[in-house]
file entry36.cif (mmCIF, C-alpha atoms)
data_start
loop_
_atom_site.label_atom_id
_atom_site.label_comp_id
_atom_site.auth_asym_id
_atom_site.auth_seq_id
_atom_site.Cartn_x
_atom_site.Cartn_y
_atom_site.Cartn_z
CA MET A 1 -22.50 16.37 -28.92
CA SER A 2 -23.35 15.89 -25.33
CA ARG A 3 -21.03 13.22 -23.89
CA SER A 4 -20.70 11.34 -20.79
CA ASP A 5 -17.18 11.03 -22.39
CA ASP A 6 -15.74 12.17 -24.07
CA SER A 7 -18.05 11.96 -24.57
CA ALA A 8 -18.94 8.78 -23.83
CA GLU A 9 -20.73 6.69 -21.08
CA ARG A 10 -18.14 5.02 -18.85
CA GLU A 11 -19.58 2.52 -16.45
CA ARG A 12 -18.15 1.59 -13.12
CA PRO A 13 -18.32 -1.93 -11.64
CA SER A 14 -21.43 -0.81 -9.74
CA LEU A 15 -23.51 2.13 -10.89
CA LEU A 16 -25.27 2.09 -7.55
CA HIS A 17 -22.01 2.51 -5.61
CA ARG A 18 -19.82 4.39 -8.03
CA ARG A 19 -17.52 7.18 -6.95
CA SER A 20 -16.10 10.08 -8.95
CA ARG A 21 -12.80 9.29 -10.58
CA SER A 22 -10.86 10.81 -13.40
CA LEU A 23 -10.46 7.80 -15.64
CA ALA A 24 -12.36 4.68 -16.64
CA VAL A 25 -11.73 1.79 -18.98
CA ALA A 26 -14.29 0.57 -21.47
CA ALA A 27 -13.98 -2.50 -23.67
CA VAL A 28 -17.38 -3.69 -24.80
CA ALA A 29 -18.05 -6.02 -27.73
CA ALA A 30 -20.84 -4.67 -29.89
CA VAL A 31 -23.38 -5.88 -32.39
CA ALA A 32 -26.69 -4.00 -32.69
CA VAL A 33 -29.64 -5.85 -31.19
CA VAL A 34 -33.06 -4.61 -32.25
CA ALA A 35 -36.07 -4.74 -29.96
CA ALA A 36 -39.79 -4.38 -30.68
CA VAL A 37 -41.03 -1.25 -32.41
CA ILE A 38 -43.37 1.16 -30.68
CA GLY A 39 -43.20 4.94 -31.17
CA VAL A 40 -44.92 7.18 -28.67
CA SER A 41 -45.15 10.98 -28.83
CA LEU A 42 -45.67 12.58 -25.43
CA ALA A 43 -46.06 16.01 -23.90
CA LEU A 44 -44.93 15.94 -20.28
CA THR A 45 -45.71 18.54 -17.65
CA GLY A 46 -42.99 18.22 -15.02
CA GLY A 47 -43.71 18.93 -11.37
CA ASP A 48 -46.62 20.44 -9.53
CA GLN A 49 -45.24 23.91 -8.92
CA GLU A 50 -46.94 26.86 -10.57
CA GLY A 51 -45.08 28.17 -13.58
CA GLN A 52 -43.30 24.87 -14.16
CA SER A 53 -42.48 24.80 -17.86
CA GLU A 54 -43.69 22.05 -20.13
CA VAL A 55 -41.22 19.83 -21.91
CA SER A 56 -41.87 20.33 -25.60
CA ASP A 57 -41.77 17.76 -28.39
CA VAL A 58 -41.05 14.64 -26.37
CA VAL A 59 -40.61 11.64 -28.67
CA ALA A 60 -40.22 8.32 -26.87
CA ARG A 61 -39.51 4.78 -28.07
CA PRO A 62 -40.01 2.73 -24.90
CA ASP A 63 -39.86 -0.60 -26.76
CA GLN A 64 -36.76 0.12 -28.86
CA SER A 65 -33.30 -0.75 -27.58
CA PRO A 66 -31.24 0.27 -29.41
CA PRO A 67 -33.60 2.81 -30.99
CA ARG A 68 -34.52 2.68 -34.65
CA GLN A 69 -36.47 5.93 -34.72
CA LEU A 70 -35.83 9.36 -33.24
CA ILE A 71 -35.68 9.86 -29.47
CA ALA A 72 -35.94 13.48 -28.35
CA ALA A 73 -37.11 15.76 -25.54
CA GLY A 74 -37.13 19.54 -25.36
CA GLN A 75 -34.02 21.07 -26.85
CA VAL A 76 -32.08 17.84 -27.44
CA ALA A 77 -32.34 14.64 -29.45
CA VAL A 78 -30.34 11.44 -29.74
CA SER A 79 -28.47 12.30 -32.93
CA ALA A 80 -26.46 9.08 -32.94
CA TYR A 81 -25.45 6.16 -30.80
CA TYR A 82 -22.44 3.89 -30.75
CA THR A 83 -21.23 0.56 -29.52
CA THR A 84 -17.61 -0.47 -29.05
CA LYS A 85 -15.94 -3.48 -30.56
CA LEU A 86 -12.50 -4.95 -29.95
CA VAL A 87 -10.99 -5.99 -33.29
CA GLN A 88 -7.78 -8.02 -33.27
CA GLN A 89 -5.13 -7.06 -35.84
CA PRO A 90 -2.88 -9.54 -37.70
CA ASN A 91 0.30 -8.19 -36.09
CA GLY A 92 -0.93 -8.78 -32.53
CA ASP A 93 -2.27 -5.26 -32.05
CA ALA A 94 -5.98 -4.51 -31.55
CA VAL A 95 -8.42 -1.62 -32.04
CA ASN A 96 -11.13 -0.90 -29.49
CA GLY A 97 -13.12 1.32 -31.84
CA ARG A 98 -16.66 2.59 -32.06
CA GLU A 99 -19.39 1.46 -34.41
CA TRP A 100 -21.83 4.28 -35.08
CA SER A 101 -25.50 4.53 -35.98
CA LEU A 102 -26.46 8.01 -37.15
CA TYR A 103 -29.90 9.62 -37.48
CA ASN A 104 -30.93 10.01 -41.11
CA ALA A 105 -33.26 13.00 -41.48
CA ALA A 106 -34.63 11.69 -44.79
CA THR A 107 -35.62 8.20 -43.62
CA LYS A 108 -36.23 9.38 -40.02
CA ARG A 109 -34.33 6.36 -38.73
CA TYR A 110 -30.94 5.55 -37.22
CA GLU A 111 -28.70 3.88 -39.75
CA LYS A 112 -25.38 2.10 -39.30
CA THR A 113 -22.35 3.88 -40.70
CA ASP A 114 -18.76 2.90 -41.41
CA TRP A 115 -17.23 6.07 -39.94
CA ALA A 116 -14.59 5.67 -37.25
CA TRP A 117 -15.68 8.85 -35.46
CA LEU A 118 -18.42 11.45 -35.86
CA ASP A 119 -20.05 14.43 -34.23
CA VAL A 120 -23.32 16.15 -35.11
CA ALA A 121 -23.65 19.94 -35.30
CA PRO A 122 -26.38 21.79 -33.39
CA GLY A 123 -29.51 21.83 -35.53
CA MET A 124 -28.84 18.23 -36.64
CA LYS A 125 -28.25 19.02 -40.29
CA THR A 126 -24.53 18.30 -40.56
CA ALA A 127 -22.13 15.73 -39.14
CA ALA A 128 -18.35 15.87 -39.01
CA VAL A 129 -16.98 12.42 -39.87
CA LEU A 130 -13.62 10.64 -39.80
CA GLU A 131 -12.78 7.61 -41.92
CA ARG A 132 -11.52 4.27 -40.63
CA GLY A 133 -7.83 3.87 -39.95
CA LEU A 134 -7.44 6.64 -37.39
CA PRO A 135 -5.73 9.04 -37.28
CA VAL A 136 -6.63 10.56 -40.67
CA ASN A 137 -5.77 13.69 -42.61
CA ARG A 138 -9.19 14.90 -43.62
CA ILE A 139 -12.53 15.69 -41.98
CA GLY A 140 -15.78 15.19 -43.86
CA LEU A 141 -18.82 17.44 -43.51
CA MET A 142 -21.82 15.24 -44.23
CA SER A 143 -25.49 16.13 -44.74
CA LEU A 144 -27.86 14.24 -42.45
CA SER A 145 -30.55 14.53 -45.13
CA THR A 146 -28.60 12.93 -47.98
CA GLY A 147 -26.00 10.90 -46.09
CA LYS A 148 -23.35 12.28 -48.46
CA VAL A 149 -20.16 14.16 -47.63
CA GLN A 150 -20.57 17.66 -49.03
CA ARG A 151 -17.02 18.82 -48.40
CA TRP A 152 -13.68 17.58 -47.08
CA ILE A 153 -11.38 19.66 -44.89
CA LYS A 154 -7.78 18.50 -45.30
CA VAL A 155 -5.21 18.95 -42.53
CA ASP A 156 -1.48 18.34 -42.29
CA LYS A 157 -1.50 16.61 -38.91
CA SER A 158 -3.54 13.45 -38.43
CA VAL A 159 -6.83 13.75 -36.54
CA GLY A 160 -8.40 11.16 -34.23
CA GLY A 161 -11.46 12.99 -32.87
CA VAL A 162 -13.63 16.03 -33.68
CA GLN A 163 -16.27 18.05 -31.87
CA PHE A 164 -18.45 20.98 -32.96
CA SER A 165 -18.47 24.17 -30.91
CA PRO A 166 -21.76 25.00 -29.14
CA ASP A 167 -22.75 27.35 -31.97
CA GLY A 168 -21.72 24.87 -34.67
CA LYS A 169 -19.40 27.36 -36.39
CA ARG A 170 -16.08 25.76 -35.40
CA LEU A 171 -14.58 22.35 -34.84
CA VAL A 172 -11.92 21.24 -32.40
CA ALA A 173 -9.99 18.35 -33.94
CA THR A 174 -7.58 16.49 -31.65
CA THR A 175 -4.45 15.22 -33.39
CA TYR A 176 -2.54 11.99 -32.75
CA SER A 177 0.48 10.15 -34.11
CA HIS A 178 -1.13 6.73 -33.39
CA ASN A 179 -4.69 5.46 -33.34
CA PRO A 180 -6.14 6.76 -30.04
CA ASP A 181 -8.34 3.66 -29.85
CA GLY A 182 -5.47 1.30 -30.65
CA LEU A 183 -3.96 -1.30 -28.35
CA PHE A 184 -0.36 -2.07 -29.26
CA LYS A 185 1.73 -5.18 -28.70
CA ASP A 186 4.87 -3.08 -28.22
CA ALA A 187 3.17 -1.07 -25.42
CA PRO A 188 2.02 -3.96 -23.19
CA VAL A 189 0.09 -3.63 -19.95
CA ARG A 190 -0.07 -6.26 -17.24
CA VAL A 191 -3.53 -7.55 -16.41
CA GLN A 192 -3.63 -8.84 -12.85
CA GLY A 193 -5.11 -12.26 -12.32
CA ALA A 194 -5.54 -12.94 -16.02
CA SER A 195 -3.40 -16.09 -15.96
CA GLU A 196 -3.93 -19.38 -14.18
CA ASP A 197 -1.19 -18.68 -11.63
CA GLY A 198 -2.84 -15.36 -10.75
CA ASP A 199 0.28 -13.31 -11.47
CA GLY A 200 -1.26 -11.66 -14.48
CA ARG A 201 -0.13 -11.53 -18.06
CA GLU A 202 0.81 -8.89 -20.55
CA MET A 203 -1.69 -7.66 -23.12
CA PRO A 204 -1.50 -4.98 -25.84
CA GLY A 205 -1.87 -1.51 -24.37
CA PRO A 206 -2.58 2.06 -25.50
CA LYS A 207 -0.06 4.67 -26.59
CA GLN A 208 -0.32 8.25 -25.38
CA SER A 209 0.29 9.85 -28.77
CA ARG A 210 -1.70 13.07 -28.76
CA THR A 211 0.16 15.89 -30.49
CA GLY A 212 -2.25 18.83 -30.16
CA PHE A 213 -5.42 20.20 -31.69
CA TYR A 214 -6.82 22.23 -34.55
CA VAL A 215 -9.53 24.87 -34.20
CA ILE A 216 -11.25 24.91 -37.59
CA ASP A 217 -13.68 27.45 -39.03
CA VAL A 218 -16.40 25.31 -40.59
CA ASP A 219 -17.39 27.74 -43.38
CA SER A 220 -13.90 28.56 -44.64
CA GLY A 221 -12.09 25.38 -43.60
CA GLN A 222 -9.30 27.52 -42.15
CA ALA A 223 -7.48 25.54 -39.45
CA GLN A 224 -5.18 26.79 -36.69
CA PHE A 225 -2.98 24.22 -34.97
CA SER A 226 -1.81 24.29 -31.35
CA GLU A 227 0.80 21.85 -30.08
CA ARG A 228 -0.35 20.10 -26.91
CA PRO A 229 1.26 16.65 -26.68
CA ALA A 230 0.13 14.03 -24.20
CA LYS A 231 2.11 13.52 -21.03
CA LYS A 232 3.68 10.08 -21.28
CA ASP A 233 3.61 8.95 -17.67
CA SER A 234 2.39 5.95 -15.71
CA LEU A 235 -0.86 7.63 -14.75
CA ALA A 236 -1.67 8.21 -18.41
CA ALA A 237 -1.03 4.55 -19.14
CA MET A 238 -3.52 3.61 -16.43
CA ALA A 239 -6.26 5.30 -18.44
CA GLY A 240 -6.52 2.21 -20.59
CA THR A 241 -6.95 4.34 -23.68
CA GLY A 242 -4.82 6.59 -25.83
CA ARG A 243 -7.75 8.94 -26.43
CA GLN A 244 -7.33 12.33 -24.80
CA ASP A 245 -9.63 14.54 -26.87
CA PHE A 246 -10.19 18.22 -26.26
CA SER A 247 -13.75 19.44 -25.63
CA TRP A 248 -15.50 22.81 -25.83
CA SER A 249 -16.65 24.71 -22.79
CA ARG A 250 -20.32 25.63 -22.61
CA ASP A 251 -19.75 29.20 -23.87
CA GLY A 252 -17.41 28.15 -26.69
CA GLU A 253 -14.67 30.47 -25.41
CA THR A 254 -12.33 27.84 -24.00
CA LEU A 255 -11.31 24.21 -24.49
CA TRP A 256 -10.67 21.65 -21.78
CA GLU A 257 -9.04 18.27 -21.26
CA GLN A 258 -9.47 15.76 -18.47
CA ARG A 259 -6.39 15.73 -16.25
CA LEU A 260 -4.55 12.44 -15.85
CA ASP A 261 -2.30 13.31 -12.91
CA GLN A 262 -5.20 14.16 -10.59
CA PRO A 263 -8.97 14.72 -10.73
CA GLY A 264 -9.97 17.87 -12.58
CA ARG A 265 -9.47 19.65 -15.88
CA ASN A 266 -6.99 21.83 -17.72
CA TYR A 267 -8.44 24.78 -19.65
CA TYR A 268 -7.00 26.41 -22.78
CA ASP A 269 -7.92 29.29 -25.03
CA VAL A 270 -8.51 28.56 -28.72
CA ASN A 271 -4.85 29.39 -29.41
CA GLY A 272 -3.65 26.63 -27.11
CA ARG A 273 -2.58 28.82 -24.20
CA LEU A 274 -3.18 27.37 -20.73
CA LYS A 275 -5.85 29.34 -18.86
CA SER A 276 -5.44 29.91 -15.14
CA LEU A 277 -9.09 29.51 -14.22
CA PRO A 278 -10.22 28.99 -10.63
CA ARG A 279 -10.75 25.30 -10.00
CA GLN A 280 -14.43 24.44 -9.79
CA LYS A 281 -15.65 21.72 -7.46
CA THR A 282 -17.73 20.41 -10.34
CA ASP A 283 -14.53 19.83 -12.36
CA LEU A 284 -13.81 16.84 -10.12
CA ILE A 285 -16.94 14.95 -11.15
CA PHE A 286 -16.51 12.09 -13.57
CA PRO A 287 -18.02 11.63 -16.10
CA PRO A 288 -17.72 15.36 -16.87
CA VAL A 289 -20.66 17.53 -15.81
CA THR A 290 -23.30 18.78 -18.21
CA ALA A 291 -24.69 22.29 -17.64
CA SER A 292 -28.33 23.33 -17.89
CA PRO A 293 -29.18 25.67 -20.82
CA ASP A 294 -29.13 28.72 -18.52
CA GLY A 295 -25.84 27.60 -16.95
CA LYS A 296 -27.15 27.68 -13.38
CA LEU A 297 -27.14 23.96 -12.66
CA VAL A 298 -24.94 21.01 -13.54
CA THR A 299 -25.31 17.25 -13.40
CA GLY A 300 -23.83 15.52 -10.37
CA GLY A 301 -23.06 11.95 -9.40
CA PHE A 302 -25.12 9.09 -8.02
CA ALA A 303 -26.74 10.10 -4.71
CA GLY A 304 -28.71 6.99 -3.79
CA GLY A 305 -27.89 4.15 -1.50
CA LYS A 306 -30.29 4.94 1.33
CA ASP A 307 -33.51 2.92 1.43
CA GLY A 308 -32.69 1.55 -2.01
CA GLN A 309 -33.14 4.93 -3.70
CA ILE A 310 -31.98 5.26 -7.31
CA VAL A 311 -31.31 9.00 -7.57
CA SER A 312 -28.60 11.36 -8.79
CA ALA A 313 -27.66 14.84 -7.65
CA VAL A 314 -28.16 18.13 -9.45
CA LEU A 315 -25.67 20.78 -8.32
CA ASP A 316 -25.41 24.55 -8.24
CA ALA A 317 -22.91 25.40 -10.99
CA LYS A 318 -21.13 28.10 -8.93
CA THR A 319 -20.92 26.48 -5.51
CA GLY A 320 -21.06 22.79 -6.33
CA LYS A 321 -23.66 22.33 -3.59
CA GLN A 322 -26.56 19.95 -4.10
CA SER A 323 -29.63 21.70 -5.44
CA ALA A 324 -31.91 18.72 -6.06
CA VAL A 325 -32.01 14.97 -6.53
CA VAL A 326 -33.78 13.29 -9.42
CA PRO A 327 -34.56 9.66 -10.30
CA GLY A 328 -31.80 7.96 -12.25
CA GLN A 329 -28.35 6.39 -12.02
CA GLN A 330 -26.53 8.69 -14.44
CA LEU A 331 -27.60 12.11 -15.74
CA LEU A 332 -26.79 12.56 -19.42
CA ALA A 333 -28.39 15.68 -20.97
CA TRP A 334 -30.74 18.58 -20.26
CA ALA A 335 -34.08 18.72 -22.08
CA ASP A 336 -34.61 22.22 -20.67
CA ASN A 337 -33.68 24.07 -17.48
CA THR A 338 -35.82 21.83 -15.27
CA HIS A 339 -35.80 18.42 -16.97
CA LEU A 340 -33.05 15.92 -17.71
CA ILE A 341 -32.47 12.71 -19.62
CA ALA A 342 -30.92 9.94 -17.53
CA TRP A 343 -30.10 6.25 -17.45
CA ARG A 344 -32.31 4.46 -14.94
CA CYS A 345 -32.73 0.81 -14.04
CA ASP A 346 -36.03 -0.76 -13.07
CA PRO A 347 -36.35 -0.08 -9.29
CA SER A 348 -37.94 -3.48 -8.71
CA GLN A 349 -35.00 -5.29 -10.30
CA CYS A 350 -32.14 -2.87 -9.69
CA GLN A 351 -29.70 -4.53 -7.33
CA PRO A 352 -25.91 -4.04 -7.13
CA GLY A 353 -24.17 -6.63 -9.25
CA LYS A 354 -27.43 -7.90 -10.67
CA GLY A 355 -30.08 -5.71 -12.33
CA GLU A 356 -28.30 -2.36 -12.18
CA PHE A 357 -27.09 -2.54 -15.78
CA ARG A 358 -30.58 -3.25 -17.10
CA ASN A 359 -31.34 0.41 -17.65
CA GLN A 360 -33.22 2.65 -20.08
CA LEU A 361 -33.28 6.30 -21.07
CA VAL A 362 -35.83 8.27 -19.05
CA LEU A 363 -37.02 11.87 -18.80
CA VAL A 364 -37.09 13.27 -15.24
CA GLY A 365 -37.88 16.64 -13.64
CA LEU A 366 -36.33 18.62 -10.80
CA ASP A 367 -39.62 19.05 -8.95
CA SER A 368 -41.41 15.83 -9.72
CA ASP A 369 -41.02 12.10 -9.15
CA LYS A 370 -42.60 11.38 -12.52
CA VAL A 371 -40.43 9.28 -14.84
CA THR A 372 -41.12 9.00 -18.57
CA PRO A 373 -39.37 6.12 -20.40
CA LEU A 374 -37.69 7.26 -23.62
CA SER A 375 -36.10 3.98 -24.74
CA GLY A 376 -36.31 0.28 -24.05
CA PHE A 377 -34.02 -1.45 -21.57
CA ARG A 378 -30.45 -2.44 -22.27
CA LYS A 379 -29.53 -5.96 -21.20
CA ALA A 380 -28.44 -6.55 -17.62
CA GLN A 381 -24.82 -7.38 -18.49
CA VAL A 382 -22.28 -4.57 -18.59
CA GLU A 383 -20.50 -6.30 -21.47
CA TYR A 384 -22.65 -7.71 -24.22
CA ALA A 385 -23.03 -7.39 -27.98
CA GLY A 386 -25.17 -4.34 -28.62
CA ARG A 387 -24.65 -2.23 -25.49
CA TRP A 388 -25.42 1.14 -27.03
CA ASN A 389 -24.44 4.61 -25.86
CA PRO A 390 -26.47 7.67 -26.94
CA VAL A 391 -25.06 10.95 -28.24
CA PHE A 392 -27.19 14.04 -27.60
CA THR A 393 -27.31 17.10 -29.84
CA LYS A 394 -29.23 20.36 -29.62
CA ARG A 395 -31.89 20.23 -32.30
#
call {"tool": "encode", "arguments": {"input": "entry36.cif", "output": "structure tokens"}}
result
Amino acid sequence: MSRSDDSAERERPSLLHRRSRSLAVAAVAAVAVVAAVIGVSLALTGGDQEGQSEVSDVVARPDQSPPRQLIAAGQVAVSAYYTTKLVQQPNGDAVNGREWSLYNAATKRYEKTDWAWLDVAPGMKTAAVLERGLPVNRIGLMSLSTGKVQRWIKVDKSVGGVQFSPDGKRLVATTYSHNPDGLFKDAPVRVQGASEDGDGREMPGPKQSRTGFYVIDVDSGQAQFSERPAKKDSLAAMAGTGRQDFSWSRDGETLWEQRLDQPGRNYYDVNGRLKSLPRQKTDLIFPPVTASPDGKLVTGGFAGGKDGQIVSAVLDAKTGKQSAVVPGQQLLAWADNTHLIAWRCDPSQCQPGKGEFRNQLVLVGLDSDKVTPLSGFRKAQVEYAGRWNPVFTKR
């Protein structure tokens, strides 16, 4: 899964004036809203330079938001998308969980699921799924063709999130003692200005309850646990979420977590040992960077602001220096080594605090100003029922 998150897209108050930071809070009510249906298959030649590679198998749905049929470009496809929904609990707690729609290879459509969490393996044949009521003690391996769980992997310690390794042969499963998406009455946070007197009021807050992670061999189901509890400090509480999942590095040799005490990452080997790797400048970018297939370039942050430009930076992976700028507010995934998928608002309506959140998925190239719409537009409000977030998987 390619995440702007965890995975996940995390939007700042202004996408046009956002700055890198290590943490963001998302609480978006969600109900899927379906737009008009038009499917367009395209082949895009990016740029005018000789030898510029063609993006293969581009499948666009410019009038679907959220999409109902496959969106794809080059090596990646939207394997799933999710919305978030705050659900109040009878005891005063709440769950800010995800509601998933997963691509069904048999019907060739995205279909709503009841899973609490999922990730799709490279090749888009299998999904790892977790049941509602996180954390849970088993991981399902589900066929995207049949929609049925083919096998369950049971674990002793409860799991709140899973992610396939880049080769699809292993899973990292982050373990928790409480629901990582839960908001608890006995762990209140003060919301400034939420009351009439302006002094704020207390609301249910997250619990930092991570206990560690499993590395699981998918074929055998053999799981090795490493203890890596969350640091329970004030900075962690400011995250607004109890979710602190581990993610795979691009080569599948190491795991990483977003640091909470300062911008950057901690790296671990698959046995849970802290790795003393040289700090990369690109580690400080939030959301986390996504590397090109050849590993030479990584996605950077928003680089517009002058003359109303809506562009984002592409960086050299080794030096962190800017290599190019491409149209778009937020770079999400690489279609190939020279083309990316991004969120982009309509330039004619994209104004800070107004039309910036009315954005769509687009395909852009490093050496061309050409923009190919891949999806329809999301509504202009940052919080509305149906604000969907794509998940990208190598196909």
call {"tool": "atom_distance", "arguments": {"input": "entry36.cif", "atom1": "CA of Phe377 (chain A)", "atom2": "CA of Gly355 (chain A)"}}
result
10.9 Å
call {"tool": "resolve_selection", "arguments": {"input": "entry36.cif", "expression": "the PyMOL selection byres ((chain A and resi 241-251) around 8)", "output": "JSON, numbers by chain"}}
result
{"A": [6, 25, 161, 163, 164, 165, 166, 172, 173, 174, 179, 180, 181, 182, 183, 205, 206, 207, 208, 209, 210, 213, 230, 237, 239, 240, 252, 253, 254, 255, 256, 257, 258, 291]}
call {"tool": "residues_around", "arguments": {"input": "entry36.cif", "residues": "region 74-79 of chain A", "least_positions_apart": "4", "cutoff": "6 Å", "atoms": "all atoms listed in the file", "output": "ChimeraX atom specification"}}
result
/A:55-57,103,335-336,391-395
call {"tool": "resolve_selection", "arguments": {"input": "entry36.cif", "expression": "the PyMOL selection byres ((chain A and resi 339) around 10)", "output": "PyMOL selection string"}}
result
chain A and resi 45-47+53-55+73-74+292+326+333-338+340-342+363-368
call {"tool": "atom_distance", "arguments": {"input": "entry36.cif", "atom1": "CA of Thr84 (chain A)", "atom2": "CA of Asn359 (chain A)"}}
result
17.9 Å
call {"tool": "closest_residue", "arguments": {"input": "entry36.cif", "among": "A:Asp369, A:Asp167, A:Glu383, A:Glu202", "to": "Val325 (chain A)", "atoms": "only C-alpha atoms"}}
result
A:Asp369
call {"tool": "closest_residue", "arguments": {"input": "entry36.cif", "among": "A:Leu118, A:Leu374, A:Ala303, A:Ala380", "to": "Arg61 (chain A)", "atoms": "all atoms listed in the file"}}
result
A:Leu374
call {"tool": "resolve_selection", "arguments": {"input": "entry36.cif", "expression": "the PyMOL selection byres ((chain A and resi 304-317) around 8)", "output": "list in words"}}
result
Leu16, His17, Thr282, Ala291, Gly295, Lys296, Leu297, Val298, Thr299, Gly300, Gly301, Phe302, Ala303, Lys318, Thr319, Gly320, Lys321, Gln322, Ser323, Ala324, Val325, Val326, Pro327, Gly328, Gln329, Gln330, Leu331, Arg344 and Pro347 of chain A
call {"tool": "residues_near_point", "arguments": {"input": "entry36.cif", "point": "(-39.9, 12.2, -27.2)", "cutoff": "7 Å", "atoms": "all atoms listed in the file", "output": "NGL selection string"}}
result
:A and (41-42 or 57-60 or 71-73 or 374)
call {"tool": "atom_distance", "arguments": {"input": "entry36.cif", "atom1": "CA of Gly386 (chain A)", "atom2": "CA of Tyr81 (chain A)"}}
result
10.7 Å
call {"tool": "closest_residue", "arguments": {"input": "entry36.cif", "among": "A:Ser65, A:Lys157, A:Val129, A:Lys231", "to": "Arg259 (chain A)", "atoms": "all atoms listed in the file"}}
result
A:Lys231
call {"tool": "residues_near_point", "arguments": {"input": "entry36.cif", "point": "(-3.4, 29.6, -24.3)", "cutoff": "12 Å", "atoms": "all atoms listed in the file", "output": "list in words"}}
result
Phe225, Ser226, Glu227, Arg228, Glu253, Thr254, Leu255, Trp256, Asn266, Tyr267, Tyr268, Asp269, Val270, Asn271, Gly272, Arg273, Leu274, Lys275, Ser276 and Leu277 of chain A
call {"tool": "write_last_selection", "arguments": {"input": "entry36.cif", "atoms": "C-alpha atoms", "output": "mmCIF file, keeping the file's coordinate frame"}}
result
data_model
loop_
_atom_site.group_PDB
_atom_site.id
_atom_site.type_symbol
_atom_site.label_atom_id
_atom_site.label_comp_id
_atom_site.auth_asym_id
_atom_site.auth_seq_id
_atom_site.Cartn_x
_atom_site.Cartn_y
_atom_site.Cartn_z
ATOM 1 C CA PHE A 225 -2.980 24.220 -34.970
ATOM 2 C CA SER A 226 -1.810 24.290 -31.350
ATOM 3 C CA GLU A 227 0.800 21.850 -30.080
ATOM 4 C CA ARG A 228 -0.350 20.100 -26.910
ATOM 5 C CA GLU A 253 -14.670 30.470 -25.410
ATOM 6 C CA THR A 254 -12.330 27.840 -24.000
ATOM 7 C CA LEU A 255 -11.310 24.210 -24.490
ATOM 8 C CA TRP A 256 -10.670 21.650 -21.780
ATOM 9 C CA ASN A 266 -6.990 21.830 -17.720
ATOM 10 C CA TYR A 267 -8.440 24.780 -19.650
ATOM 11 C CA TYR A 268 -7.000 26.410 -22.780
ATOM 12 C CA ASP A 269 -7.920 29.290 -25.030
ATOM 13 C CA VAL A 270 -8.510 28.560 -28.720
ATOM 14 C CA ASN A 271 -4.850 29.390 -29.410
ATOM 15 C CA GLY A 272 -3.650 26.630 -27.110
ATOM 16 C CA ARG A 273 -2.580 28.820 -24.200
ATOM 17 C CA LEU A 274 -3.180 27.370 -20.730
ATOM 18 C CA LYS A 275 -5.850 29.340 -18.860
ATOM 19 C CA SER A 276 -5.440 29.910 -15.140
ATOM 20 C CA LEU A 277 -9.090 29.510 -14.220
#
call {"tool": "build_atoms", "arguments": {"input": "entry36.cif", "residues": "region 69-77 of chain A", "atoms": "N, CA, C and O atoms", "output": "CSV table (one decimal), in the coordinates of the input"}}
result
chain,number,residue,atom,x,y,z
A,69,GLN,N,-35.9,4.7,-34.3
A,69,GLN,CA,-36.5,5.9,-34.7
A,69,GLN,C,-36.1,7.0,-33.7
A,69,GLN,O,-35.6,6.7,-32.6
A,70,LEU,N,-36.3,8.2,-34.0
A,70,LEU,CA,-35.8,9.4,-33.2
A,70,LEU,C,-36.3,9.3,-31.8
A,70,LEU,O,-37.5,9.0,-31.5
A,71,ILE,N,-35.4,9.6,-30.9
A,71,ILE,CA,-35.7,9.9,-29.5
A,71,ILE,C,-35.3,11.3,-29.2
A,71,ILE,O,-34.2,11.7,-29.5
A,72,ALA,N,-36.2,12.1,-28.6
A,72,ALA,CA,-35.9,13.5,-28.4
A,72,ALA,C,-36.8,14.0,-27.2
A,72,ALA,O,-37.8,13.4,-26.8
A,73,ALA,N,-36.3,15.1,-26.6
A,73,ALA,CA,-37.1,15.8,-25.5
A,73,ALA,C,-36.6,17.2,-25.4
A,73,ALA,O,-35.4,17.4,-25.2
A,74,GLY,N,-37.5,18.1,-25.5
A,74,GLY,CA,-37.1,19.5,-25.4
A,74,GLY,C,-36.1,20.0,-26.4
A,74,GLY,O,-36.3,19.8,-27.6
A,75,GLN,N,-35.0,20.5,-25.9
A,75,GLN,CA,-34.0,21.1,-26.8
A,75,GLN,C,-33.1,20.0,-27.4
A,75,GLN,O,-32.3,20.4,-28.3
A,76,VAL,N,-33.1,18.8,-27.0
A,76,VAL,CA,-32.1,17.8,-27.4
A,76,VAL,C,-32.7,16.6,-28.1
A,76,VAL,O,-33.9,16.3,-27.8
A,77,ALA,N,-31.9,15.9,-28.9
A,77,ALA,CA,-32.3,14.6,-29.4
A,77,ALA,C,-31.1,13.7,-29.5
A,77,ALA,O,-30.0,14.1,-29.4
